[in-house]
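Below is the file work.cif, which contains mmCIF, C-alpha atoms and all ligand atoms.
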```cif
data_coords
loop_
_atom_site.label_atom_id
_atom_site.label_comp_id
_atom_site.auth_asym_id
_atom_site.auth_seq_id
_atom_site.Cartn_x
_atom_site.Cartn_y
_atom_site.Cartn_z
CA MET A 1459 -8.42 -28.87 8.72
CA SER A 1460 -9.72 -25.76 10.44
CA THR A 1461 -8.49 -24.99 13.95
CA GLY A 1462 -11.50 -22.73 14.50
CA ILE A 1463 -9.15 -19.85 15.32
CA ARG A 1464 -10.67 -16.59 14.11
CA VAL A 1465 -8.26 -13.76 13.24
CA GLY A 1466 -8.64 -10.03 13.64
CA ILE A 1467 -6.77 -6.75 13.85
CA ALA A 1468 -5.64 -5.59 17.30
CA GLY A 1469 -4.02 -2.30 16.30
CA LEU A 1470 -3.30 0.02 13.39
CA GLY A 1471 -0.56 2.58 12.76
CA ARG A 1472 0.61 4.93 10.03
CA PHE A 1473 3.42 7.36 9.44
CA VAL A 1474 4.22 9.82 6.67
CA PRO A 1475 7.30 12.05 6.39
CA GLU A 1476 6.95 15.76 7.14
CA ARG A 1477 8.18 17.03 3.78
CA ARG A 1478 5.44 17.82 1.26
CA LEU A 1479 6.02 17.86 -2.51
CA THR A 1480 3.16 19.78 -4.10
CA ASN A 1481 2.05 19.85 -7.73
CA GLN A 1482 3.37 23.42 -7.85
CA ASP A 1483 6.80 22.14 -6.77
CA LEU A 1484 6.67 19.57 -9.60
CA GLU A 1485 5.81 22.28 -12.13
CA LYS A 1486 9.33 23.58 -11.51
CA LEU A 1487 10.92 20.18 -12.18
CA VAL A 1488 9.07 18.82 -15.23
CA ASP A 1489 6.71 20.01 -17.96
CA THR A 1490 3.46 19.48 -16.05
CA SER A 1491 0.74 21.49 -14.35
CA ASP A 1492 -1.32 21.34 -11.19
CA ASP A 1493 -4.45 21.15 -13.39
CA TRP A 1494 -3.18 18.15 -15.37
CA ILE A 1495 -2.12 16.21 -12.28
CA VAL A 1496 -5.35 16.91 -10.36
CA GLN A 1497 -7.60 16.08 -13.32
CA ARG A 1498 -5.74 12.93 -14.42
CA THR A 1499 -4.85 11.52 -11.00
CA GLY A 1500 -6.59 13.38 -8.15
CA ILE A 1501 -3.20 13.97 -6.48
CA ARG A 1502 -2.43 17.39 -4.96
CA GLU A 1503 0.65 16.61 -2.92
CA ARG A 1504 2.74 13.68 -1.71
CA ARG A 1505 5.17 13.19 1.20
CA ILE A 1506 8.88 12.69 0.54
CA ALA A 1507 11.32 11.10 2.99
CA GLY A 1508 13.91 13.53 4.29
CA GLU A 1509 17.60 13.13 4.82
CA GLY A 1510 18.23 10.45 7.42
CA GLU A 1511 14.86 8.79 6.84
CA ILE A 1512 15.00 5.30 5.35
CA THR A 1513 12.31 2.69 4.82
CA SER A 1514 12.90 1.04 8.20
CA THR A 1515 12.55 4.34 10.09
CA LEU A 1516 9.19 4.97 8.42
CA GLY A 1517 8.11 1.38 9.10
CA LEU A 1518 9.30 1.61 12.69
CA ALA A 1519 7.18 4.71 13.37
CA ALA A 1520 4.07 3.06 11.93
CA ALA A 1521 4.81 -0.18 13.83
CA ARG A 1522 5.19 1.65 17.16
CA GLN A 1523 1.85 3.33 16.67
CA ALA A 1524 0.17 0.03 15.76
CA LEU A 1525 1.59 -1.73 18.84
CA GLU A 1526 0.52 1.14 21.09
CA ASP A 1527 -2.93 0.97 19.53
CA ALA A 1528 -2.99 -2.78 20.26
CA ARG A 1529 -1.66 -2.19 23.80
CA MET A 1530 1.03 -4.74 23.03
CA THR A 1531 4.73 -4.73 23.89
CA PRO A 1532 7.38 -5.38 21.20
CA GLU A 1533 8.41 -8.52 23.12
CA GLU A 1534 4.98 -10.04 22.50
CA VAL A 1535 5.36 -9.90 18.72
CA GLU A 1536 6.21 -13.30 17.20
CA LEU A 1537 6.69 -12.32 13.55
CA ILE A 1538 7.25 -9.13 11.55
CA ILE A 1539 6.45 -9.10 7.84
CA CYS A 1540 7.52 -5.96 6.03
CA ALA A 1541 5.92 -5.53 2.63
CA THR A 1542 8.24 -3.35 0.56
CA VAL A 1543 10.03 -3.07 -2.77
CA THR A 1544 12.18 -0.18 -1.56
CA GLY A 1545 13.83 -1.73 1.48
CA ASP A 1546 16.84 -0.21 3.24
CA GLN A 1547 19.01 -2.40 0.96
CA PRO A 1548 18.48 -5.60 -1.12
CA PHE A 1549 19.37 -7.67 1.96
CA PRO A 1550 19.18 -8.21 4.86
CA ALA A 1551 15.46 -7.78 5.24
CA THR A 1552 14.13 -4.42 6.38
CA ALA A 1553 11.84 -6.35 8.77
CA CYS A 1554 14.95 -7.45 10.70
CA ARG A 1555 16.11 -3.84 11.19
CA ILE A 1556 12.60 -2.76 12.27
CA GLY A 1557 12.42 -5.67 14.73
CA TYR A 1558 15.82 -4.76 16.18
CA ASP A 1559 14.98 -1.05 16.53
CA LEU A 1560 11.60 -1.93 18.00
CA GLY A 1561 13.07 -4.31 20.58
CA ALA A 1562 10.99 -7.22 19.27
CA LYS A 1563 13.38 -9.73 20.82
CA ASN A 1564 11.13 -12.75 20.34
CA ALA A 1565 10.11 -12.14 16.72
CA GLY A 1566 11.20 -13.60 13.42
CA GLY A 1567 11.02 -11.39 10.38
CA PHE A 1568 11.13 -11.24 6.61
CA ASP A 1569 10.25 -8.91 3.77
CA LEU A 1570 7.55 -9.58 1.22
CA GLY A 1571 8.01 -8.04 -2.22
CA ALA A 1572 4.77 -7.66 -4.11
CA ALA A 1573 4.89 -3.93 -4.90
CA CYS A 1574 1.53 -2.22 -4.42
CA SER A 1575 -0.19 -5.48 -3.39
CA GLY A 1576 2.39 -6.18 -0.66
CA PHE A 1577 0.35 -5.28 2.42
CA VAL A 1578 -2.75 -7.10 1.20
CA PHE A 1579 -0.72 -10.27 0.51
CA ALA A 1580 1.29 -10.04 3.77
CA SER A 1581 -1.93 -9.67 5.77
CA GLN A 1582 -3.26 -12.89 4.26
CA VAL A 1583 0.01 -14.73 5.06
CA ALA A 1584 -0.17 -13.46 8.65
CA SER A 1585 -3.83 -14.41 9.03
CA GLY A 1586 -3.14 -17.91 7.68
CA LEU A 1587 -0.29 -18.47 10.15
CA ILE A 1588 -2.54 -17.46 13.04
CA GLN A 1589 -5.49 -19.52 11.76
CA SER A 1590 -3.22 -22.59 11.53
CA GLY A 1591 -2.27 -22.19 15.19
CA GLN A 1592 1.44 -21.75 14.37
CA LEU A 1593 1.72 -18.13 15.57
CA ARG A 1594 -0.41 -15.79 17.65
CA ARG A 1595 0.78 -12.20 17.22
CA ILE A 1596 2.06 -10.86 13.90
CA LEU A 1597 3.01 -7.33 12.94
CA VAL A 1598 2.43 -6.57 9.26
CA ILE A 1599 4.02 -3.42 7.86
CA GLY A 1600 3.82 -1.79 4.44
CA ALA A 1601 6.66 0.73 4.06
CA GLU A 1602 8.05 2.39 0.96
CA ILE A 1603 10.37 5.19 -0.14
CA LEU A 1604 9.51 5.20 -3.82
CA SER A 1605 10.85 8.75 -4.23
CA ARG A 1606 14.35 7.26 -4.28
CA THR A 1607 13.50 5.17 -7.35
CA LEU A 1608 11.97 8.04 -9.29
CA ASP A 1609 13.48 10.05 -12.12
CA TYR A 1610 12.41 13.63 -11.39
CA LYS A 1611 12.86 14.34 -15.11
CA ASP A 1612 10.20 11.77 -16.10
CA ARG A 1613 6.75 13.37 -15.80
CA ASN A 1614 5.06 10.01 -16.49
CA THR A 1615 6.13 8.65 -13.12
CA CYS A 1616 7.43 11.35 -10.77
CA VAL A 1617 4.07 13.02 -10.23
CA LEU A 1618 2.35 9.85 -9.04
CA PHE A 1619 4.26 8.46 -6.09
CA GLY A 1620 5.05 9.33 -2.47
CA ASP A 1621 6.60 7.85 0.66
CA GLY A 1622 5.05 6.47 3.85
CA ALA A 1623 4.31 3.45 6.01
CA GLY A 1624 1.36 1.72 7.61
CA ALA A 1625 1.11 -1.21 10.01
CA ALA A 1626 -1.41 -3.63 11.47
CA VAL A 1627 -1.16 -6.11 14.34
CA PHE A 1628 -2.92 -9.41 13.61
CA THR A 1629 -3.96 -11.68 16.49
CA ALA A 1630 -6.65 -14.18 17.40
CA LEU A 1631 -10.00 -12.37 17.26
CA ASP A 1632 -10.80 -12.62 20.99
CA ARG A 1633 -7.81 -10.39 21.70
CA ALA A 1634 -8.14 -8.29 18.58
CA GLY A 1635 -11.69 -7.08 18.99
CA GLN A 1636 -11.84 -5.42 15.60
CA GLY A 1637 -11.72 -6.25 11.93
CA GLU A 1638 -12.26 -10.00 11.61
CA PHE A 1639 -10.29 -11.48 8.71
CA LEU A 1640 -12.71 -13.15 6.29
CA GLY A 1641 -10.34 -13.97 3.43
CA GLY A 1642 -9.01 -12.49 0.24
CA SER A 1643 -7.16 -13.34 -2.93
CA ILE A 1644 -3.62 -13.42 -4.34
CA CYS A 1645 -3.27 -13.35 -8.14
CA MET A 1646 -0.63 -12.73 -10.79
CA GLU A 1647 0.00 -12.47 -14.50
CA GLY A 1648 3.75 -12.77 -15.05
CA GLY A 1649 6.02 -11.61 -17.85
CA ALA A 1650 5.11 -7.96 -17.34
CA GLU A 1651 8.52 -6.51 -16.51
CA GLY A 1652 8.15 -4.05 -19.37
CA VAL A 1653 4.97 -2.57 -17.92
CA LEU A 1654 6.06 -1.49 -14.46
CA ALA A 1655 9.49 -2.16 -12.98
CA GLN A 1656 12.74 -0.90 -11.55
CA PRO A 1657 14.95 -2.80 -14.02
CA GLY A 1658 18.41 -2.19 -12.53
CA GLY A 1659 20.14 -3.55 -9.45
CA GLY A 1660 19.01 -7.19 -9.57
CA SER A 1661 20.46 -10.28 -11.25
CA ARG A 1662 19.10 -9.23 -14.67
CA HIS A 1663 20.93 -5.89 -14.69
CA PRO A 1664 23.38 -5.80 -11.79
CA ALA A 1665 24.51 -2.30 -10.89
CA THR A 1666 27.31 -1.03 -13.13
CA HIS A 1667 28.31 2.40 -14.40
CA ALA A 1668 26.39 1.50 -17.58
CA THR A 1669 23.13 0.70 -15.74
CA VAL A 1670 23.39 4.01 -13.91
CA ASP A 1671 24.13 5.90 -17.14
CA GLN A 1672 21.11 4.23 -18.80
CA GLY A 1673 18.84 5.18 -15.89
CA LEU A 1674 17.94 1.54 -15.21
CA HIS A 1675 17.67 2.15 -11.46
CA TYR A 1676 14.71 4.45 -12.01
CA MET A 1677 11.15 3.19 -12.10
CA LYS A 1678 9.83 2.61 -15.64
CA MET A 1679 6.13 2.47 -16.36
CA GLY A 1680 3.69 2.12 -19.23
CA GLY A 1681 0.96 4.17 -17.54
CA THR A 1682 -1.91 3.40 -19.90
CA LYS A 1683 -1.39 -0.39 -19.66
CA VAL A 1684 -1.34 -0.17 -15.87
CA PHE A 1685 -4.46 1.99 -15.96
CA ARG A 1686 -6.49 -0.52 -17.99
CA PHE A 1687 -5.22 -3.50 -16.00
CA ALA A 1688 -5.98 -1.78 -12.69
CA VAL A 1689 -9.55 -0.85 -13.60
CA ARG A 1690 -10.25 -4.39 -14.83
CA VAL A 1691 -8.93 -6.34 -11.82
CA PHE A 1692 -10.20 -3.77 -9.30
CA ALA A 1693 -13.73 -4.06 -10.69
CA GLU A 1694 -13.52 -7.89 -10.81
CA MET A 1695 -12.43 -8.11 -7.18
CA VAL A 1696 -15.18 -5.81 -5.90
CA GLN A 1697 -17.74 -7.63 -8.07
CA GLY A 1698 -16.62 -10.92 -6.48
CA VAL A 1699 -17.36 -9.51 -3.02
CA ILE A 1700 -20.74 -8.17 -4.17
CA ASP A 1701 -21.61 -11.59 -5.64
CA GLN A 1702 -20.77 -13.33 -2.38
CA TYR A 1703 -22.09 -10.87 0.21
CA GLY A 1704 -24.37 -8.40 -1.60
CA ILE A 1705 -24.01 -4.64 -1.87
CA ASP A 1706 -25.65 -3.74 1.45
CA ASP A 1707 -23.03 -5.61 3.47
CA ILE A 1708 -20.19 -3.41 2.15
CA GLY A 1709 -19.33 -0.69 4.68
CA VAL A 1710 -16.30 0.80 2.97
CA ILE A 1711 -13.89 0.13 0.12
CA ILE A 1712 -10.29 1.06 0.85
CA PRO A 1713 -8.46 0.42 -2.40
CA HIS A 1714 -4.79 0.75 -3.17
CA GLN A 1715 -4.49 4.52 -3.57
CA VAL A 1716 -3.45 4.50 -7.20
CA ASN A 1717 -5.23 7.21 -9.14
CA GLN A 1718 -8.64 8.75 -8.46
CA ARG A 1719 -9.72 8.09 -12.07
CA ILE A 1720 -8.87 4.38 -11.81
CA ILE A 1721 -10.87 4.19 -8.58
CA GLU A 1722 -13.85 6.06 -10.08
CA SER A 1723 -13.85 3.96 -13.29
CA ALA A 1724 -13.82 0.66 -11.38
CA ILE A 1725 -16.49 1.76 -8.91
CA GLU A 1726 -18.68 2.98 -11.76
CA GLN A 1727 -18.27 -0.37 -13.57
CA VAL A 1728 -19.66 -2.29 -10.60
CA GLY A 1729 -22.41 0.25 -10.05
CA LEU A 1730 -21.49 1.35 -6.52
CA PRO A 1731 -21.66 4.92 -5.18
CA MET A 1732 -18.31 6.70 -4.80
CA ASP A 1733 -19.12 7.60 -1.19
CA LEU A 1734 -18.40 3.96 -0.28
CA VAL A 1735 -14.72 4.60 -1.11
CA PHE A 1736 -12.16 5.98 1.31
CA SER A 1737 -9.37 7.84 -0.45
CA THR A 1738 -6.16 9.57 0.65
CA ILE A 1739 -4.80 9.96 -2.88
CA ASP A 1740 -5.01 13.79 -2.89
CA ARG A 1741 -2.65 14.06 0.10
CA TYR A 1742 -0.18 11.19 -0.33
CA GLY A 1743 -0.28 10.01 -3.95
CA ASN A 1744 0.55 6.34 -4.52
CA THR A 1745 2.69 4.95 -1.68
CA SER A 1746 2.72 1.35 -3.01
CA ALA A 1747 2.59 -1.22 -0.18
CA ALA A 1748 2.00 1.55 2.37
CA SER A 1749 -1.12 2.95 0.75
CA VAL A 1750 -3.75 0.49 2.05
CA PRO A 1751 -2.58 0.41 5.70
CA ILE A 1752 -2.19 4.22 5.85
CA ALA A 1753 -5.71 4.60 4.48
CA LEU A 1754 -7.07 1.87 6.80
CA ARG A 1755 -5.85 3.69 9.92
CA GLU A 1756 -7.07 7.05 8.62
CA ALA A 1757 -10.46 5.53 7.71
CA ARG A 1758 -10.80 4.22 11.26
CA ASP A 1759 -9.84 7.62 12.71
CA ALA A 1760 -12.43 9.24 10.44
CA GLY A 1761 -15.14 6.85 11.70
CA ARG A 1762 -15.51 5.21 8.27
CA LEU A 1763 -15.21 1.58 9.49
CA LYS A 1764 -18.74 0.55 10.37
CA LYS A 1765 -19.31 -2.07 13.06
CA GLY A 1766 -20.45 -5.35 11.51
CA LYS A 1767 -19.90 -4.19 7.92
CA LEU A 1768 -17.35 -5.33 5.36
CA VAL A 1769 -14.07 -3.52 4.70
CA VAL A 1770 -12.94 -4.37 1.15
CA MET A 1771 -9.31 -3.67 0.26
CA PRO A 1772 -8.38 -4.37 -3.39
CA ALA A 1773 -4.77 -3.82 -4.46
CA PHE A 1774 -2.90 -4.18 -7.76
CA GLY A 1775 0.49 -3.34 -9.18
CA ALA A 1776 3.79 -4.50 -10.63
CA GLY A 1777 4.06 -8.19 -11.46
CA MET A 1778 1.37 -7.83 -12.52
CA ALA A 1779 0.16 -8.88 -9.09
CA TRP A 1780 -3.21 -8.20 -7.54
CA GLY A 1781 -5.47 -9.37 -4.75
CA HIS A 1782 -7.81 -8.23 -2.03
CA LEU A 1783 -8.20 -8.39 1.70
CA LEU A 1784 -11.62 -8.69 3.26
CA LEU A 1785 -12.44 -7.85 6.88
CA ARG A 1786 -15.67 -7.58 8.83
CA TRP A 1787 -15.34 -4.68 11.25
O1 LIG B 1 0.37 1.07 -8.45
C1 LIG B 1 0.38 1.11 -9.85
C2 LIG B 1 1.30 2.22 -10.28
N1 LIG B 1 0.95 2.76 -11.54
C3 LIG B 1 0.08 3.76 -11.71
O2 LIG B 1 -0.49 4.26 -10.77
C4 LIG B 1 -0.14 4.29 -13.10
C5 LIG B 1 -1.51 4.10 -13.62
N2 LIG B 1 -1.72 4.96 -14.79
C6 LIG B 1 -2.09 6.24 -14.63
O3 LIG B 1 -2.34 6.69 -13.52
C7 LIG B 1 -2.26 7.08 -15.88
O4 LIG B 1 -2.08 6.28 -17.01
C8 LIG B 1 -1.29 8.28 -15.91
C9 LIG B 1 -1.68 9.28 -14.84
C10 LIG B 1 0.14 7.81 -15.71
C11 LIG B 1 -1.37 8.98 -17.26
O5 LIG B 1 -2.69 9.42 -17.49
P1 LIG B 1 -3.36 9.15 -18.92
O6 LIG B 1 -4.68 9.79 -18.87
O7 LIG B 1 -3.30 7.65 -19.15
O8 LIG B 1 -2.45 9.96 -19.88
P2 LIG B 1 -1.60 9.41 -21.11
O9 LIG B 1 -0.50 8.53 -20.64
O10 LIG B 1 -2.55 8.90 -22.14
O11 LIG B 1 -0.97 10.75 -21.63
C12 LIG B 1 -1.75 11.82 -22.16
C13 LIG B 1 -0.82 12.98 -22.43
C14 LIG B 1 0.45 12.57 -23.16
O12 LIG B 1 0.78 13.60 -24.04
P3 LIG B 1 0.48 13.44 -25.61
O13 LIG B 1 1.27 12.24 -26.06
O14 LIG B 1 -1.01 13.24 -25.70
O15 LIG B 1 0.97 14.73 -26.16
C15 LIG B 1 1.49 12.52 -22.08
O16 LIG B 1 2.80 12.76 -22.54
O17 LIG B 1 -0.38 13.53 -21.18
C16 LIG B 1 1.04 13.63 -21.18
N3 LIG B 1 1.51 13.52 -19.82
C17 LIG B 1 1.60 14.56 -18.99
N4 LIG B 1 1.31 15.86 -19.16
C18 LIG B 1 1.50 16.68 -18.11
C19 LIG B 1 1.92 12.40 -19.15
N5 LIG B 1 2.29 12.72 -17.90
C20 LIG B 1 2.10 14.05 -17.78
C21 LIG B 1 2.29 14.96 -16.72
N6 LIG B 1 1.96 16.26 -16.93
N7 LIG B 1 2.74 14.59 -15.52
#
```
Would you give me this structure, written as structure tokens?
Ligand code: UT7
Amino acid sequence: MSTGIRVGIAGLGRFVPERRLTNQDLEKLVDTSDDWIVQRTGIRERRIAGEGEITSTLGLAAARQALEDARMTPEEVELIICATVTGDQPFPATACRIGYDLGAKNAGGFDLGAACSGFVFASQVASGLIQSGQLRRILVIGAEILSRTLDYKDRNTCVLFGDGAGAAVFTALDRAGQGEFLGGSICMEGGAEGVLAQPGGGSRHPATHATVDQGLHYMKMGGTKVFRFAVRVFAEMVQGVIDQYGIDDIGVIIPHQVNQRIIESAIEQVGLPMDLVFSTIDRYGNTSAASVPIALREARDAGRLKKGKLVVMPAFGAGMAWGHLLLRW
């Protein structure tokens, strides 16, 4: 039964570490070249967390900016969901540390692990809780330090990823005033651990000297499989929005910032112009759950979110798990 409560975004925040890792820096670490990376991925540099920075400190900075943007105090927040697969530690939840550091004394908190789709899924959970009338003010964060899962001897993975965090405050629409939540999707195709995973450190391969020696705590990826999967589901999700709303209603597409070629292939498949897409891939690479909320805030700052038009945010990644978030700005 619908409560009639409409949900929107009251504030947005983003944070990236200072340290830049350029393609030229990577040329010194692995057998690669600036040309190869730019042509195959569109990435020119990525940010890398410095000493003393952990996932919660990145998330905290993005959360503070989002709350300031929403003109909301930490005490007003009722729930914090932190989407991450690179939390401060396996448990307790990184959301609890962020809530504590923020001074969100009245909030509950938990982490949501859905890799690159994390923010898009967490935003739908938050919107549903507000629509049901159970909660009123929810802080959703996507924060990742993927650099600490990367093998800087593996050119297949180390050139692609970076660190960062983004955040959004969800509330009832009358308070939010921007970005009405219209819906989205949450999908999966299991049994894909061999395609994209960090195999070590869980119950399958608990940490031992042997797992460290075998490099099981590093990210492993079959890039071509991910590429094909990503283009397919990305195109299907955007096509679904076109079928329901028509092309003219789409103001901007802010996809998971995965690889410029994946984005271009999917957009070409559905016959849309590339200038509908907002991309930060050249500057930050793939920041997993942080990529969509970082890009959302930067798109707003750049004036790319058009009043009354749709904001389409498709995401996809390990699981395989994919879904989209749809707002009307
Ligand atoms: O959120 C989801 C996370 N996953 C992803 O974002 C990955 C999605 N996949 C991709 O972005 C692409 O598949 C890659 C960028 C990883 C690879 O691009 P590709 O066009 O699919 O290249 P490929 O894997 O077919 O490799 C072509 C060649 C290979 O050499 P050989 O076997 O043809 O001699 C690779 O060894 O390129 C080589 N290669 C590299 N060369 C220079 C792979 N990585 C690199 C590199 N620098 N960094």
Could you list, as a ChimeraX atom specification, every residue within 12 Å of Phe1736 (chain A), counting all atoms listed in the file and ignoring same-chain residues fewer than 4 positions away?
/A:1709-1715,1718,1721-1722,1725,1731-1732,1740,1749-1763,1769-1772
Can you spit out the residues from that selection as a compact mmCIF listing (two decimals), in the coordinates of the input, using C-alpha atoms?
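Dumped to selection16.txt:
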```
# COMPACT_ATOMS: atom_id res chain seq x y z
CA GLY A 1709 -19.33 -0.69 4.68
CA VAL A 1710 -16.30 0.80 2.97
CA ILE A 1711 -13.89 0.13 0.12
CA ILE A 1712 -10.29 1.06 0.85
CA PRO A 1713 -8.46 0.42 -2.40
CA HIS A 1714 -4.79 0.75 -3.17
CA GLN A 1715 -4.49 4.52 -3.57
CA GLN A 1718 -8.64 8.75 -8.46
CA ILE A 1721 -10.87 4.19 -8.58
CA GLU A 1722 -13.85 6.06 -10.08
CA ILE A 1725 -16.49 1.76 -8.91
CA PRO A 1731 -21.66 4.92 -5.18
CA MET A 1732 -18.31 6.70 -4.80
CA ASP A 1740 -5.01 13.79 -2.89
CA SER A 1749 -1.12 2.95 0.75
CA VAL A 1750 -3.75 0.49 2.05
CA PRO A 1751 -2.58 0.41 5.70
CA ILE A 1752 -2.19 4.22 5.85
CA ALA A 1753 -5.71 4.60 4.48
CA LEU A 1754 -7.07 1.87 6.80
CA ARG A 1755 -5.85 3.69 9.92
CA GLU A 1756 -7.07 7.05 8.62
CA ALA A 1757 -10.46 5.53 7.71
CA ARG A 1758 -10.80 4.22 11.26
CA ASP A 1759 -9.84 7.62 12.71
CA ALA A 1760 -12.43 9.24 10.44
CA GLY A 1761 -15.14 6.85 11.70
CA ARG A 1762 -15.51 5.21 8.27
CA LEU A 1763 -15.21 1.58 9.49
CA VAL A 1769 -14.07 -3.52 4.70
CA VAL A 1770 -12.94 -4.37 1.15
CA MET A 1771 -9.31 -3.67 0.26
CA PRO A 1772 -8.38 -4.37 -3.39
```
Which residue gives the smallest distance to ligand LIG 1 (chain B) among A:Val1699, A:Ala1562, A:Leu1525, A:Val1617, with only C-alpha atoms and all ligand atoms counted?
A:Val1617
Please give me, as an mmCIF file with C-alpha atoms, in the frame of the given file, the residues lying within 9 Å of ligand LIG 1 (chain B) when counting all atoms listed in the file.
```
data_model
loop_
_atom_site.group_PDB
_atom_site.id
_atom_site.type_symbol
_atom_site.label_atom_id
_atom_site.label_comp_id
_atom_site.auth_asym_id
_atom_site.auth_seq_id
_atom_site.Cartn_x
_atom_site.Cartn_y
_atom_site.Cartn_z
ATOM 1 C CA LEU A 1484 6.670 19.570 -9.600
ATOM 2 C CA GLU A 1485 5.810 22.280 -12.130
ATOM 3 C CA VAL A 1488 9.070 18.820 -15.230
ATOM 4 C CA ASP A 1489 6.710 20.010 -17.960
ATOM 5 C CA THR A 1490 3.460 19.480 -16.050
ATOM 6 C CA SER A 1491 0.740 21.490 -14.350
ATOM 7 C CA ASP A 1492 -1.320 21.340 -11.190
ATOM 8 C CA ASP A 1493 -4.450 21.150 -13.390
ATOM 9 C CA TRP A 1494 -3.180 18.150 -15.370
ATOM 10 C CA ILE A 1495 -2.120 16.210 -12.280
ATOM 11 C CA GLN A 1497 -7.600 16.080 -13.320
ATOM 12 C CA ARG A 1498 -5.740 12.930 -14.420
ATOM 13 C CA THR A 1499 -4.850 11.520 -11.000
ATOM 14 C CA ALA A 1573 4.890 -3.930 -4.900
ATOM 15 C CA CYS A 1574 1.530 -2.220 -4.420
ATOM 16 C CA SER A 1575 -0.190 -5.480 -3.390
ATOM 17 C CA ASP A 1612 10.200 11.770 -16.100
ATOM 18 C CA ARG A 1613 6.750 13.370 -15.800
ATOM 19 C CA ASN A 1614 5.060 10.010 -16.490
ATOM 20 C CA THR A 1615 6.130 8.650 -13.120
ATOM 21 C CA CYS A 1616 7.430 11.350 -10.770
ATOM 22 C CA VAL A 1617 4.070 13.020 -10.230
ATOM 23 C CA LEU A 1618 2.350 9.850 -9.040
ATOM 24 C CA PHE A 1619 4.260 8.460 -6.090
ATOM 25 C CA LEU A 1654 6.060 -1.490 -14.460
ATOM 26 C CA MET A 1679 6.130 2.470 -16.360
ATOM 27 C CA GLY A 1680 3.690 2.120 -19.230
ATOM 28 C CA GLY A 1681 0.960 4.170 -17.540
ATOM 29 C CA THR A 1682 -1.910 3.400 -19.900
ATOM 30 C CA LYS A 1683 -1.390 -0.390 -19.660
ATOM 31 C CA VAL A 1684 -1.340 -0.170 -15.870
ATOM 32 C CA PHE A 1685 -4.460 1.990 -15.960
ATOM 33 C CA ARG A 1686 -6.490 -0.520 -17.990
ATOM 34 C CA PHE A 1687 -5.220 -3.500 -16.000
ATOM 35 C CA ALA A 1688 -5.980 -1.780 -12.690
ATOM 36 C CA HIS A 1714 -4.790 0.750 -3.170
ATOM 37 C CA GLN A 1715 -4.490 4.520 -3.570
ATOM 38 C CA VAL A 1716 -3.450 4.500 -7.200
ATOM 39 C CA ASN A 1717 -5.230 7.210 -9.140
ATOM 40 C CA GLN A 1718 -8.640 8.750 -8.460
ATOM 41 C CA ARG A 1719 -9.720 8.090 -12.070
ATOM 42 C CA ILE A 1720 -8.870 4.380 -11.810
ATOM 43 C CA GLY A 1743 -0.280 10.010 -3.950
ATOM 44 C CA ASN A 1744 0.550 6.340 -4.520
ATOM 45 C CA THR A 1745 2.690 4.950 -1.680
ATOM 46 C CA SER A 1746 2.720 1.350 -3.010
ATOM 47 C CA ALA A 1747 2.590 -1.220 -0.180
ATOM 48 C CA ALA A 1773 -4.770 -3.820 -4.460
ATOM 49 C CA PHE A 1774 -2.900 -4.180 -7.760
ATOM 50 C CA GLY A 1775 0.490 -3.340 -9.180
ATOM 51 C CA ALA A 1776 3.790 -4.500 -10.630
#
```
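Across the model, the gap from CA of Leu1537 (chain A) to CA of Glu1602 (chain A) is 19.4 Å.
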Dump as a tab-separated table the rows for residues of region 1567-1605 of chain A within 9 Å of region 1544-1549 of chain A: closest atom pair and distance in Å with one decimal, only C-alpha atoms counted, ordered by chain and rising residue number.
```
residue	atom	partner	partner_atom	distance
A:Asp1569	CA	A:Gly1545	CA	8.3
A:Gly1571	CA	A:Thr1544	CA	8.9
A:Ala1573	CA	A:Thr1544	CA	8.9
A:Ala1601	CA	A:Thr1544	CA	7.9
A:Glu1602	CA	A:Thr1544	CA	5.5
A:Ile1603	CA	A:Thr1544	CA	5.8
A:Leu1604	CA	A:Thr1544	CA	6.4
```
Measuring between only C-alpha atoms, which one of A:Leu1479, A:Leu1784, A:Ile1708, A:Ile1644 shows the shortest distance to Arg1502 (chain A)?
A:Leu1479
Neighbours of Val1670 (chain A) within 12 Å (all atoms listed in the file; same-chain residues fewer than 4 positions away dropped), as an MDAnalysis selection string?
chainID A and resid 1607 1609 1656:1659 1663:1666 1674:1676
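Taking CA of Ser1581 (chain A) and CA of Ala1507 (chain A) as the two end points, the separation is 24.8 Å.
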Within 6 Å of (2.0, -5.3, 12.6), only C-alpha atoms: residues as JSON, numbers by chain?
{"A": [1521, 1596, 1597, 1598, 1599, 1625, 1626, 1627]}
Closest to Arg1522 (chain A) among A:Gly1567, A:Gly1660, A:Pro1475, A:Gly1469, using only C-alpha atoms?
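Under the stated criterion, the closest residue is A:Gly1469.
Counting all atoms listed in the file, the residue from A:Glu1526, A:Glu1534, A:Glu1509, A:Asp1621 that sits nearest to Phe1473 (chain A) is A:Asp1621.
Residues within 9 Å of Val1474 (chain A), counting all atoms listed in the file and excluding same-chain residues fewer than 4 positions away, are Arg1505, Ile1506, Ala1507, Leu1516, Ala1519, Ala1520, Asp1621, Gly1622, Ala1623, Gly1624, Tyr1742 and Ile1752 of chain A.
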